[in-house]
file data.txt (compact mmCIF, C-alpha atoms and all ligand atoms)
# COMPACT_ATOMS: atom_id res chain seq x y z
CA MET A 1 -133.65 26.73 -5.55
CA THR A 2 -134.60 29.05 -8.36
CA ILE A 3 -134.14 27.43 -11.70
CA TYR A 4 -133.13 30.14 -14.09
CA ASP A 5 -134.90 29.53 -17.36
CA LEU A 6 -133.96 31.15 -20.63
CA LYS A 7 -137.07 32.11 -22.55
CA ILE A 8 -136.49 31.72 -26.27
CA PRO A 9 -138.15 34.64 -28.08
CA PRO A 10 -139.51 34.45 -31.65
CA VAL A 11 -136.80 36.91 -32.72
CA ALA A 12 -133.57 38.14 -31.10
CA LEU A 13 -131.88 41.48 -31.74
CA GLY A 14 -128.40 41.69 -33.27
CA THR A 15 -125.94 44.49 -32.56
CA TRP A 16 -122.87 43.73 -34.67
CA ALA A 17 -123.46 46.96 -36.63
CA TRP A 18 -123.51 48.88 -33.33
CA GLY A 19 -119.77 48.32 -33.18
CA ASP A 20 -119.61 50.85 -36.03
CA SER A 21 -121.22 53.70 -34.15
CA GLY A 22 -118.67 56.36 -33.30
CA GLU A 23 -115.05 56.75 -34.23
CA ALA A 24 -113.95 53.54 -32.46
CA GLY A 25 -116.15 51.41 -34.76
CA ASP A 26 -114.54 49.05 -37.22
CA GLY A 27 -116.62 50.22 -40.17
CA TYR A 28 -117.83 46.72 -40.98
CA PHE A 29 -121.32 47.91 -41.91
CA GLY A 30 -120.60 51.57 -42.68
CA SER A 31 -123.81 52.43 -40.84
CA GLN A 32 -124.54 55.87 -39.44
CA MET A 33 -125.96 55.54 -35.94
CA THR A 34 -126.23 57.83 -32.95
CA GLN A 35 -126.61 56.99 -29.27
CA ALA A 36 -130.01 58.74 -29.29
CA GLY A 37 -131.14 56.70 -32.31
CA LEU A 38 -130.08 53.44 -30.67
CA GLN A 39 -131.82 54.46 -27.46
CA GLU A 40 -134.99 54.83 -29.51
CA VAL A 41 -134.38 51.38 -31.04
CA ALA A 42 -134.11 49.84 -27.56
CA ASP A 43 -137.20 51.64 -26.24
CA LYS A 44 -139.26 50.55 -29.20
CA ALA A 45 -137.94 46.97 -29.08
CA HIS A 46 -138.75 46.57 -25.40
CA ALA A 47 -142.21 48.10 -25.83
CA ALA A 48 -142.88 45.51 -28.55
CA GLY A 49 -141.59 42.66 -26.34
CA PHE A 50 -138.20 42.04 -28.06
CA THR A 51 -135.72 41.81 -25.21
CA LEU A 52 -132.95 39.34 -26.12
CA TRP A 53 -129.85 41.25 -27.29
CA ASP A 54 -126.99 39.54 -29.08
CA THR A 55 -123.51 41.05 -29.14
CA ALA A 56 -119.83 40.01 -28.93
CA MET A 57 -116.62 41.52 -27.67
CA VAL A 58 -115.23 41.55 -31.20
CA TYR A 59 -118.07 43.69 -32.61
CA GLY A 60 -116.10 46.92 -32.86
CA MET A 61 -113.65 45.46 -30.28
CA GLY A 62 -115.85 46.30 -27.27
CA ARG A 63 -117.74 49.17 -28.87
CA SER A 64 -121.01 47.24 -29.48
CA GLU A 65 -121.10 45.92 -25.89
CA LEU A 66 -120.36 49.37 -24.51
CA VAL A 67 -123.08 51.12 -26.51
CA LEU A 68 -125.57 48.34 -25.74
CA GLY A 69 -124.79 48.53 -22.01
CA GLU A 70 -125.40 52.29 -22.13
CA VAL A 71 -128.76 52.13 -23.88
CA LEU A 72 -130.03 49.31 -21.67
CA LYS A 73 -129.21 51.19 -18.45
CA ARG A 74 -132.70 52.60 -18.17
CA PHE A 75 -134.27 49.12 -18.03
CA THR A 76 -134.46 46.70 -15.12
CA ARG A 77 -131.87 43.96 -15.65
CA SER A 78 -134.40 41.13 -15.33
CA ASP A 79 -136.49 42.70 -18.12
CA TYR A 80 -133.94 41.92 -20.83
CA GLN A 81 -131.52 39.12 -21.71
CA LEU A 82 -127.93 39.44 -22.84
CA SER A 83 -126.19 37.13 -25.25
CA THR A 84 -122.47 37.68 -25.81
CA LYS A 85 -119.51 35.61 -26.87
CA PHE A 86 -116.03 34.37 -26.15
CA THR A 87 -113.99 34.59 -29.35
CA PRO A 88 -111.06 32.12 -29.15
CA GLN A 89 -109.24 33.90 -31.98
CA ALA A 90 -109.06 37.02 -29.79
CA ALA A 91 -108.13 35.21 -26.55
CA GLY A 92 -105.37 36.62 -24.39
CA THR A 93 -102.49 34.66 -22.94
CA THR A 94 -103.52 34.71 -19.27
CA ASP A 95 -104.32 31.55 -17.23
CA ASP A 96 -108.02 31.74 -18.08
CA PRO A 97 -108.57 33.85 -21.19
CA MET A 98 -112.29 32.99 -21.30
CA ALA A 99 -112.96 34.17 -17.75
CA ASP A 100 -110.97 37.33 -18.48
CA MET A 101 -112.84 38.08 -21.72
CA LEU A 102 -116.15 37.50 -19.93
CA GLN A 103 -115.13 39.85 -17.12
CA GLN A 104 -114.41 42.65 -19.61
CA SER A 105 -117.78 42.02 -21.32
CA LEU A 106 -119.58 42.23 -17.95
CA ILE A 107 -117.94 45.58 -17.25
CA ARG A 108 -118.78 47.02 -20.67
CA LEU A 109 -122.37 45.74 -20.47
CA GLY A 110 -122.76 47.04 -16.91
CA THR A 111 -123.98 43.74 -15.47
CA ASP A 112 -122.84 40.85 -13.29
CA TYR A 113 -124.21 38.01 -15.40
CA ILE A 114 -124.78 36.99 -19.00
CA ASP A 115 -127.95 35.09 -19.84
CA LEU A 116 -126.47 33.23 -22.81
CA TYR A 117 -122.72 32.94 -23.33
CA TRP A 118 -121.34 31.51 -26.56
CA ILE A 119 -118.11 30.14 -27.88
CA HIS A 120 -118.04 32.26 -31.01
CA ASN A 121 -116.00 29.96 -33.28
CA PRO A 122 -114.72 26.41 -32.92
CA ALA A 123 -110.99 27.14 -32.76
CA ASP A 124 -110.34 24.08 -30.59
CA VAL A 125 -113.49 22.54 -29.12
CA ALA A 126 -111.74 20.17 -26.70
CA ARG A 127 -109.60 22.99 -25.35
CA TRP A 128 -112.18 25.75 -24.95
CA THR A 129 -115.49 24.04 -24.09
CA PRO A 130 -114.39 23.00 -20.54
CA HIS A 131 -113.71 26.67 -19.70
CA LEU A 132 -117.48 27.28 -19.78
CA ILE A 133 -118.08 24.97 -16.81
CA PRO A 134 -116.63 27.15 -13.99
CA LEU A 135 -118.42 30.17 -15.49
CA LEU A 136 -121.74 28.31 -15.27
CA LYS A 137 -120.93 27.20 -11.72
CA SER A 138 -120.11 30.76 -10.67
CA GLY A 139 -123.48 32.06 -11.94
CA LYS A 140 -121.78 34.70 -14.09
CA VAL A 141 -123.11 32.78 -17.05
CA LYS A 142 -126.62 31.32 -16.91
CA HIS A 143 -126.74 29.35 -20.16
CA VAL A 144 -124.20 28.40 -22.81
CA GLY A 145 -124.22 27.87 -26.55
CA VAL A 146 -121.89 27.31 -29.45
CA SER A 147 -121.66 29.29 -32.66
CA ASN A 148 -120.23 28.44 -36.09
CA HIS A 149 -119.59 24.88 -34.89
CA ASN A 150 -120.20 22.08 -37.39
CA LEU A 151 -122.23 19.01 -36.39
CA SER A 152 -119.30 17.03 -34.98
CA ASP A 153 -118.07 20.13 -33.09
CA ILE A 154 -121.54 20.57 -31.56
CA LYS A 155 -121.68 16.91 -30.55
CA LEU A 156 -118.23 17.10 -28.98
CA ALA A 157 -119.12 20.27 -27.05
CA ASN A 158 -122.35 18.60 -25.89
CA LYS A 159 -120.39 15.55 -24.69
CA ILE A 160 -117.86 17.65 -22.76
CA LEU A 161 -120.57 19.74 -21.10
CA GLY A 162 -122.72 16.63 -20.52
CA GLU A 163 -119.94 14.98 -18.50
CA ALA A 164 -120.10 17.94 -16.12
CA GLY A 165 -123.90 17.89 -15.89
CA TYR A 166 -124.50 20.67 -18.38
CA ARG A 167 -125.32 20.75 -22.07
CA VAL A 168 -125.22 22.84 -25.22
CA GLU A 169 -128.33 24.93 -24.73
CA ALA A 170 -128.33 26.80 -28.03
CA VAL A 171 -126.65 26.81 -31.43
CA GLN A 172 -126.03 29.99 -33.44
CA ASN A 173 -125.05 29.70 -37.11
CA HIS A 174 -125.46 31.51 -40.41
CA TYR A 175 -128.84 30.59 -41.93
CA SER A 176 -130.74 32.52 -44.56
CA LEU A 177 -132.61 31.91 -47.82
CA LEU A 178 -129.25 32.27 -49.56
CA TYR A 179 -127.29 30.13 -47.08
CA ARG A 180 -129.09 26.94 -46.11
CA SER A 181 -126.06 24.92 -45.07
CA PRO A 182 -127.57 24.03 -41.62
CA GLU A 183 -130.25 22.05 -43.50
CA ASP A 184 -127.74 20.18 -45.68
CA THR A 185 -125.32 19.37 -42.84
CA GLY A 186 -128.02 17.98 -40.54
CA ILE A 187 -127.46 20.66 -37.87
CA LEU A 188 -131.08 21.83 -37.96
CA ASP A 189 -132.34 18.25 -37.65
CA TYR A 190 -129.92 17.51 -34.81
CA CYS A 191 -131.03 20.62 -32.91
CA ARG A 192 -134.69 19.79 -33.46
CA ASN A 193 -134.21 16.20 -32.28
CA GLN A 194 -132.20 17.24 -29.23
CA GLY A 195 -134.52 20.14 -28.33
CA ILE A 196 -131.71 22.66 -28.79
CA PRO A 197 -132.89 26.12 -29.92
CA PHE A 198 -131.22 27.19 -33.17
CA PHE A 199 -130.49 30.90 -33.55
CA ALA A 200 -130.14 31.95 -37.21
CA TYR A 201 -127.83 34.87 -37.95
CA MET A 202 -127.55 37.00 -41.11
CA VAL A 203 -131.09 36.11 -42.12
CA LEU A 204 -131.16 39.36 -44.13
CA GLU A 205 -127.60 38.83 -45.45
CA GLN A 206 -126.49 42.06 -43.79
CA GLY A 207 -129.30 44.05 -45.39
CA VAL A 208 -129.27 42.89 -49.02
CA LEU A 209 -132.40 40.74 -48.62
CA SER A 210 -134.30 43.86 -47.52
CA GLY A 211 -134.42 44.98 -51.15
CA ARG A 212 -133.20 48.41 -50.00
CA TYR A 213 -129.92 48.03 -51.88
CA SER A 214 -129.42 47.77 -55.64
CA PRO A 215 -126.64 48.44 -58.17
CA GLU A 216 -127.95 52.04 -58.26
CA ASN A 217 -128.04 52.25 -54.44
CA PRO A 218 -125.26 49.94 -53.22
CA LEU A 219 -124.13 49.21 -49.66
CA PRO A 220 -122.01 51.98 -48.09
CA GLU A 221 -118.75 52.42 -49.94
CA GLY A 222 -115.68 51.25 -48.04
CA SER A 223 -117.60 48.94 -45.69
CA ASN A 224 -116.80 45.23 -45.50
CA ARG A 225 -120.35 44.28 -46.37
CA ALA A 226 -120.15 46.37 -49.56
CA GLU A 227 -117.11 44.36 -50.59
CA THR A 228 -118.94 41.07 -49.99
CA TYR A 229 -122.35 41.85 -51.43
CA ASN A 230 -122.30 44.75 -53.91
CA GLY A 231 -121.16 42.49 -56.76
CA MET A 232 -124.12 40.12 -56.11
CA LEU A 233 -126.84 42.77 -56.15
CA PRO A 234 -127.95 42.25 -59.79
CA GLN A 235 -128.43 38.51 -59.12
CA LEU A 236 -130.54 39.19 -56.01
CA LYS A 237 -133.17 41.41 -57.62
CA ALA A 238 -135.58 38.62 -58.63
CA LEU A 239 -135.48 37.19 -55.09
CA THR A 240 -136.00 40.53 -53.33
CA ASP A 241 -138.87 41.35 -55.72
CA LYS A 242 -140.44 38.00 -54.84
CA LEU A 243 -140.02 38.67 -51.12
CA ALA A 244 -141.68 42.06 -51.60
CA SER A 245 -144.60 40.67 -53.60
CA ILE A 246 -145.30 37.93 -51.05
CA GLY A 247 -145.10 40.54 -48.29
CA GLN A 248 -147.47 42.93 -50.05
CA LYS A 249 -150.32 40.43 -49.80
CA GLN A 250 -150.07 40.62 -45.99
CA GLY A 251 -149.19 44.31 -45.62
CA ALA A 252 -145.53 43.44 -44.99
CA ALA A 253 -142.18 44.21 -46.61
CA ALA A 254 -139.37 42.08 -48.10
CA PRO A 255 -137.22 41.85 -44.91
CA ASP A 256 -140.28 40.84 -42.87
CA VAL A 257 -140.85 37.92 -45.24
CA ALA A 258 -137.18 36.83 -45.07
CA THR A 259 -137.48 36.88 -41.27
CA ALA A 260 -140.82 35.02 -41.34
CA TRP A 261 -139.17 32.38 -43.55
CA ALA A 262 -136.52 31.71 -40.87
CA ILE A 263 -139.22 31.49 -38.19
CA ALA A 264 -141.24 29.10 -40.36
CA LYS A 265 -138.13 26.89 -40.53
CA GLY A 266 -138.24 26.50 -36.75
CA THR A 267 -135.35 28.86 -35.95
CA THR A 268 -135.01 32.04 -33.91
CA PRO A 269 -133.64 34.72 -36.23
CA ILE A 270 -131.20 37.25 -34.79
CA ILE A 271 -131.93 40.37 -36.82
CA GLY A 272 -129.40 43.21 -36.91
CA ILE A 273 -131.36 46.29 -35.92
CA THR A 274 -130.07 49.76 -36.75
CA LYS A 275 -133.26 51.86 -36.99
CA PRO A 276 -136.40 52.14 -34.83
CA SER A 277 -138.66 51.47 -37.84
CA TYR A 278 -137.10 48.01 -38.24
CA ILE A 279 -138.85 46.93 -35.04
CA ASP A 280 -142.20 47.35 -36.87
CA GLY A 281 -140.89 44.84 -39.40
CA LEU A 282 -140.22 42.31 -36.64
CA VAL A 283 -143.74 42.75 -35.30
CA ARG A 284 -145.09 42.02 -38.79
CA ALA A 285 -142.71 39.07 -39.27
CA ILE A 286 -143.79 37.24 -36.12
CA THR A 287 -147.46 37.45 -37.06
CA MET A 288 -147.09 36.46 -40.74
CA THR A 289 -147.79 33.02 -42.09
CA LEU A 290 -146.11 31.70 -45.20
CA SER A 291 -147.67 28.83 -47.12
CA SER A 292 -145.53 25.84 -48.05
CA GLY A 293 -145.92 26.96 -51.68
CA GLU A 294 -144.53 30.41 -50.88
CA ILE A 295 -141.62 28.89 -48.97
CA ALA A 296 -140.80 26.60 -51.90
CA GLU A 297 -141.04 29.51 -54.33
CA LEU A 298 -138.70 31.68 -52.24
CA GLU A 299 -136.16 28.88 -51.98
CA ALA A 300 -136.31 28.32 -55.75
CA PHE A 301 -135.62 32.03 -56.37
CA ALA A 302 -132.79 31.93 -53.81
CA ASP A 303 -131.24 28.91 -55.54
CA ALA A 304 -131.56 30.62 -58.92
CA ALA A 305 -129.59 33.62 -57.59
CA ASN A 306 -126.67 31.18 -57.37
CA VAL A 307 -124.50 33.17 -54.93
CA ASN A 308 -122.23 32.01 -52.12
CA THR A 309 -122.59 34.15 -48.99
CA ARG A 310 -120.50 32.06 -46.60
CA GLY A 311 -118.70 34.43 -44.24
CA TRP A 312 -114.90 34.49 -44.22
CA TRP A 313 -115.01 33.33 -40.58
CA GLU A 314 -117.11 30.25 -41.36
CA LYS A 315 -115.45 26.89 -41.85
CA GLU A 316 -116.18 25.05 -45.05
CA VAL A 317 -118.30 21.98 -44.23
N1 LIG A 401 -122.04 34.21 -34.37
C1 LIG A 401 -121.57 34.81 -35.42
O1 LIG A 401 -120.47 34.48 -35.93
C2 LIG A 401 -122.36 35.93 -36.04
C3 LIG A 401 -122.03 36.38 -37.33
C4 LIG A 401 -122.82 37.37 -37.89
C5 LIG A 401 -123.87 37.92 -37.17
N2 LIG A 401 -124.13 37.50 -35.89
C6 LIG A 401 -125.23 38.09 -35.08
O2 LIG A 401 -126.41 38.12 -35.87
C7 LIG A 401 -126.87 39.47 -36.00
C8 LIG A 401 -127.52 39.64 -37.33
O3 LIG A 401 -126.58 39.62 -38.39
P1 LIG A 401 -126.14 40.93 -39.16
O4 LIG A 401 -126.46 42.11 -38.33
O5 LIG A 401 -124.74 40.72 -39.61
O6 LIG A 401 -127.03 40.89 -40.48
P2 LIG A 401 -128.59 40.84 -40.81
O7 LIG A 401 -129.43 40.69 -39.62
O8 LIG A 401 -128.73 39.86 -41.91
O9 LIG A 401 -128.78 42.29 -41.48
C9 LIG A 401 -128.75 43.42 -40.69
C10 LIG A 401 -128.89 44.64 -41.55
O10 LIG A 401 -130.10 44.57 -42.28
C11 LIG A 401 -130.70 45.85 -42.37
N3 LIG A 401 -132.07 45.72 -41.81
C12 LIG A 401 -132.44 45.14 -40.64
N4 LIG A 401 -133.78 45.18 -40.49
C13 LIG A 401 -134.27 45.78 -41.59
C14 LIG A 401 -135.59 46.12 -42.02
N5 LIG A 401 -136.68 45.82 -41.30
N6 LIG A 401 -135.71 46.77 -43.21
C15 LIG A 401 -134.62 47.06 -43.98
N7 LIG A 401 -133.36 46.77 -43.59
C16 LIG A 401 -133.18 46.13 -42.43
C17 LIG A 401 -129.81 46.81 -41.60
O11 LIG A 401 -128.95 47.44 -42.55
P3 LIG A 401 -128.95 49.05 -42.77
O12 LIG A 401 -128.47 49.64 -41.48
O13 LIG A 401 -128.03 49.22 -43.92
O14 LIG A 401 -130.38 49.44 -43.08
C18 LIG A 401 -128.99 45.90 -40.70
O15 LIG A 401 -127.71 46.37 -40.39
C19 LIG A 401 -125.61 40.33 -35.77
O16 LIG A 401 -125.95 41.67 -35.46
C20 LIG A 401 -124.95 39.55 -34.66
O17 LIG A 401 -125.59 39.84 -33.43
C21 LIG A 401 -123.40 36.49 -35.34
call {"tool": "encode", "arguments": {"input": "data.txt", "output": "C-alpha cells"}}
result
Amino acid sequence: MTIYDLKIPPVALGTWAWGDSGEAGDGYFGSQMTQAGLQEVADKAHAAGFTLWDTAMVYGMGRSELVLGEVLKRFTRSDYQLSTKFTPQAAGTTDDPMADMLQQSLIRLGTDYIDLYWIHNPADVARWTPHLIPLLKSGKVKHVGVSNHNLSDIKLANKILGEAGYRVEAVQNHYSLLYRSPEDTGILDYCRNQGIPFFAYMVLEQGVLSGRYSPENPLPEGSNRAETYNGMLPQLKALTDKLASIGQKQGAAAPDVATAWAIAKGTTPIIGITKPSYIDGLVRAITMTLSSGEIAELEAFADAANVNTRGWWEKEV
C-alpha cells in the first residue's frame, strides 16, 4: 500500500486575491492581475520549490480555483499540492453538500483529488466534520484540516475524526505580528504538542505589513481590504520601518521579515502571491534568521501599533 504523505513546505502560496482577476472577481483585494502574469508567478514559484497552493471555492466564487487550475495545467499533478476548502456558510441543500462542493472544486481545478481539504469555518463542528470521512475513504481527499476553529472546535473535530481512524492533520488560522491570538488561546501550543502543522494566514495583513502602502499610497480604493486597513496605516508605519531595517541587515525587505517571523514561530505561512517578484521575497524569507531580540522588538512595535485586525469571518475567542 502506498502511504500518501503530505510534505509540509516552509511556505505555502495563497490565491484569495486571484479571485479578483477578471470581471467575475469579487474585488476583495482590488488587485490587477492577468492570466499571463499569474502563469509567470506559478512558473517562478515551482522553479524555486514552492508548490503547495491554497485556495477556496468562495475566493471569487470559483474564480480563484478556475484560474489556479488553468495556470497549473502545464505541470505534472504530482509535482504540486492543492489545498482547498469546504465553506459551510456557502453549502447547498443537497443530501451531501460537502461532497458536492468538493466535486465542483475538482472540476474547476482540473484534478481528481485534493491533497489537503479544509473545513473553512466552524459553522457546526459536530454536523460537518463527519462529512470528511467518506471523502478521505474515497481518495478524493488525501488529508484534512480545519480552519478558523477555536481550540475546543479543533479538539472536537479531532475526536470525531479519531473515532473513524483519522485525525486533524493541519490547522489554518489568522496569525501575524498584529494578530497573535493563536498564541494566547493555546492553539499554537496544542498543535505543537499534537504534532499538527499550523498554517498561518494573513501574515502580511493583506499587504499592509509589506510597507508598500501608506496614507499617501493607500490600498486600492473600493476594495474590501482598503476599508479594513487604510485607516490603520499611520499607526503601522513604525512597525513597517522596523521590519525594513531588520531586513536591510540581511539584504531582505519588510515582507520577507514578517514571513520569517511566522516561520521562526514554528508555523507555515500561507503568503498571498500576486506578482512574480514576490517569490524572490519567499526565497529570502526561508533563509533568514531572526534573533530572539529582533523577534521581541518586532512584537513590541506590533503591540504599540494597537490595532485589531481580526477578520469579520473570525469568531471572537
Ligand atoms: N482560511 C481562511 O479563512 C483564510 C482567510 C484569509 C486568507 N487565507 C489564505 O491565506 C492566504 C494569504 O492571505 P491573504 O492573501 O489574504 O493576505 P497576505 O498573505 O497577508 O497578503 C497578501 C498580499 O500581500 C502583498 N504581498 C505579498 N507578497 C509581497 C511581497 N513580497 N512584497 C510586497 N507585497 C507583497 C500582495 O498585495 P498587492 O497585490 O497589493 O501587492 C498580496 O495580495 C490567502 O491568499 C488564502 O489562501 C485563508
call {"tool": "residues_near_ligand", "arguments": {"input": "data.txt", "ligand": "ligand LIG 401 (chain A)", "cutoff": "6 Å", "atoms": "all atoms listed in the file", "output": "compact mmCIF listing (two decimals) with C-alpha atoms, keeping the file's coordinate frame"}}
result
# COMPACT_ATOMS: atom_id res chain seq x y z
CA GLY A 14 -128.40 41.69 -33.27
CA THR A 15 -125.94 44.49 -32.56
CA TRP A 16 -122.87 43.73 -34.67
CA ALA A 17 -123.46 46.96 -36.63
CA SER A 31 -123.81 52.43 -40.84
CA ASP A 54 -126.99 39.54 -29.08
CA THR A 55 -123.51 41.05 -29.14
CA HIS A 120 -118.04 32.26 -31.01
CA SER A 147 -121.66 29.29 -32.66
CA GLN A 172 -126.03 29.99 -33.44
CA TYR A 201 -127.83 34.87 -37.95
CA MET A 202 -127.55 37.00 -41.11
CA VAL A 203 -131.09 36.11 -42.12
CA LEU A 204 -131.16 39.36 -44.13
CA GLU A 205 -127.60 38.83 -45.45
CA GLN A 206 -126.49 42.06 -43.79
CA GLY A 207 -129.30 44.05 -45.39
CA SER A 210 -134.30 43.86 -47.52
CA PRO A 255 -137.22 41.85 -44.91
CA ILE A 270 -131.20 37.25 -34.79
CA ILE A 271 -131.93 40.37 -36.82
CA GLY A 272 -129.40 43.21 -36.91
CA ILE A 273 -131.36 46.29 -35.92
CA THR A 274 -130.07 49.76 -36.75
CA TYR A 278 -137.10 48.01 -38.24
CA GLY A 281 -140.89 44.84 -39.40
call {"tool": "axis_aligned_box", "arguments": {"input": "data.txt", "around": "segment 145-164 of chain A", "padding_each_side": "5 Å", "output": "JSON"}}
result
{"center_x": -121.0, "center_y": 22.1, "center_z": -26.8, "size_x": 16.4, "size_y": 24.3, "size_z": 31.3}
call {"tool": "residues_around", "arguments": {"input": "data.txt", "residues": "Trp313 of chain A", "least_positions_apart": "2", "cutoff": "12 Å", "atoms": "all atoms listed in the file", "output": "VMD selection string"}}
result
chain A and resid 87 89 120 to 123 147 to 149 173 to 174 309 to 311 315 to 316
call {"tool": "residues_around", "arguments": {"input": "data.txt", "residues": "Tyr80 of chain A", "least_positions_apart": "5", "cutoff": "9 Å", "atoms": "all atoms listed in the file", "output": "ChimeraX atom specification"}}
result
/A:46,50-53,72,75
call {"tool": "closest_residue", "arguments": {"input": "data.txt", "among": "A:Ala164, A:Ser181, A:Trp261, A:Ala45", "to": "Ala296 of chain A", "atoms": "all atoms listed in the file"}}
result
A:Trp261
call {"tool": "closest_residue", "arguments": {"input": "data.txt", "among": "A:Lys275, A:Arg77, A:Arg284, A:Lys265", "to": "Leu13 of chain A", "atoms": "all atoms listed in the file"}}
result
A:Lys275
call {"tool": "residues_around", "arguments": {"input": "data.txt", "residues": "Gly186 of chain A", "least_positions_apart": "5", "cutoff": "12 Å", "atoms": "all atoms listed in the file", "output": "list in words"}}
result
Asn150, Leu151, Ser152, Ile154, Lys155, Arg180, Ser181, Cys191, Arg192, Asn193 and Val317 of chain A
call {"tool": "closest_residue", "arguments": {"input": "data.txt", "among": "A:Ala91, A:Leu209, A:Ala36, A:Ile246", "to": "Met57 of chain A", "atoms": "all atoms listed in the file"}}
result
A:Ala91
call {"tool": "atom_distance", "arguments": {"input": "data.txt", "atom1": "atom CA of Pro197 of chain A", "atom2": "atom CA of Pro9 of chain A"}}
result
10.2 Å
call {"tool": "build_atoms", "arguments": {"input": "data.txt", "residues": "segment 40-58 of chain A", "atoms": "N, CA and C atoms", "output": "short mmCIF file (atom, residue, chain, number, x, y, z; two decimals), in the coordinates of the input"}}
result
data_model
loop_
_atom_site.label_atom_id
_atom_site.label_comp_id
_atom_site.auth_asym_id
_atom_site.auth_seq_id
_atom_site.Cartn_x
_atom_site.Cartn_y
_atom_site.Cartn_z
N GLU A 40 -133.62 54.95 -28.98
CA GLU A 40 -134.99 54.83 -29.51
C GLU A 40 -135.26 53.39 -29.98
N VAL A 41 -134.24 52.78 -30.61
CA VAL A 41 -134.38 51.38 -31.04
C VAL A 41 -134.70 50.51 -29.83
N ALA A 42 -133.93 50.69 -28.75
CA ALA A 42 -134.11 49.84 -27.56
C ALA A 42 -135.47 50.08 -26.93
N ASP A 43 -135.89 51.33 -26.84
CA ASP A 43 -137.20 51.64 -26.24
C ASP A 43 -138.31 50.97 -27.03
N LYS A 44 -138.21 51.09 -28.34
CA LYS A 44 -139.26 50.55 -29.20
C LYS A 44 -139.25 49.01 -29.15
N ALA A 45 -138.06 48.43 -29.14
CA ALA A 45 -137.94 46.97 -29.08
C ALA A 45 -138.57 46.45 -27.79
N HIS A 46 -138.23 47.06 -26.68
CA HIS A 46 -138.75 46.57 -25.40
C HIS A 46 -140.27 46.75 -25.32
N ALA A 47 -140.76 47.87 -25.85
CA ALA A 47 -142.21 48.10 -25.83
C ALA A 47 -142.93 47.02 -26.64
N ALA A 48 -142.25 46.54 -27.69
CA ALA A 48 -142.88 45.51 -28.55
C ALA A 48 -142.61 44.10 -28.03
N GLY A 49 -141.83 43.98 -26.94
CA GLY A 49 -141.59 42.66 -26.34
C GLY A 49 -140.34 41.95 -26.85
N PHE A 50 -139.46 42.65 -27.59
CA PHE A 50 -138.20 42.04 -28.06
C PHE A 50 -137.10 42.43 -27.07
N THR A 51 -136.61 41.45 -26.33
CA THR A 51 -135.72 41.81 -25.21
C THR A 51 -134.45 40.96 -25.14
N LEU A 52 -134.20 40.13 -26.14
CA LEU A 52 -132.95 39.34 -26.12
C LEU A 52 -131.95 39.98 -27.08
N TRP A 53 -130.84 40.48 -26.53
CA TRP A 53 -129.85 41.25 -27.29
C TRP A 53 -128.59 40.42 -27.51
N ASP A 54 -128.19 40.30 -28.75
CA ASP A 54 -126.99 39.54 -29.08
C ASP A 54 -125.84 40.48 -29.45
N THR A 55 -124.68 40.25 -28.83
CA THR A 55 -123.51 41.05 -29.14
C THR A 55 -122.27 40.15 -29.05
N ALA A 56 -121.09 40.75 -29.12
CA ALA A 56 -119.83 40.01 -28.93
C ALA A 56 -118.74 41.04 -28.68
N MET A 57 -117.74 40.62 -27.92
CA MET A 57 -116.62 41.52 -27.67
C MET A 57 -116.03 42.04 -28.97
N VAL A 58 -115.92 41.15 -29.97
CA VAL A 58 -115.23 41.55 -31.20
C VAL A 58 -116.04 42.48 -32.11
#
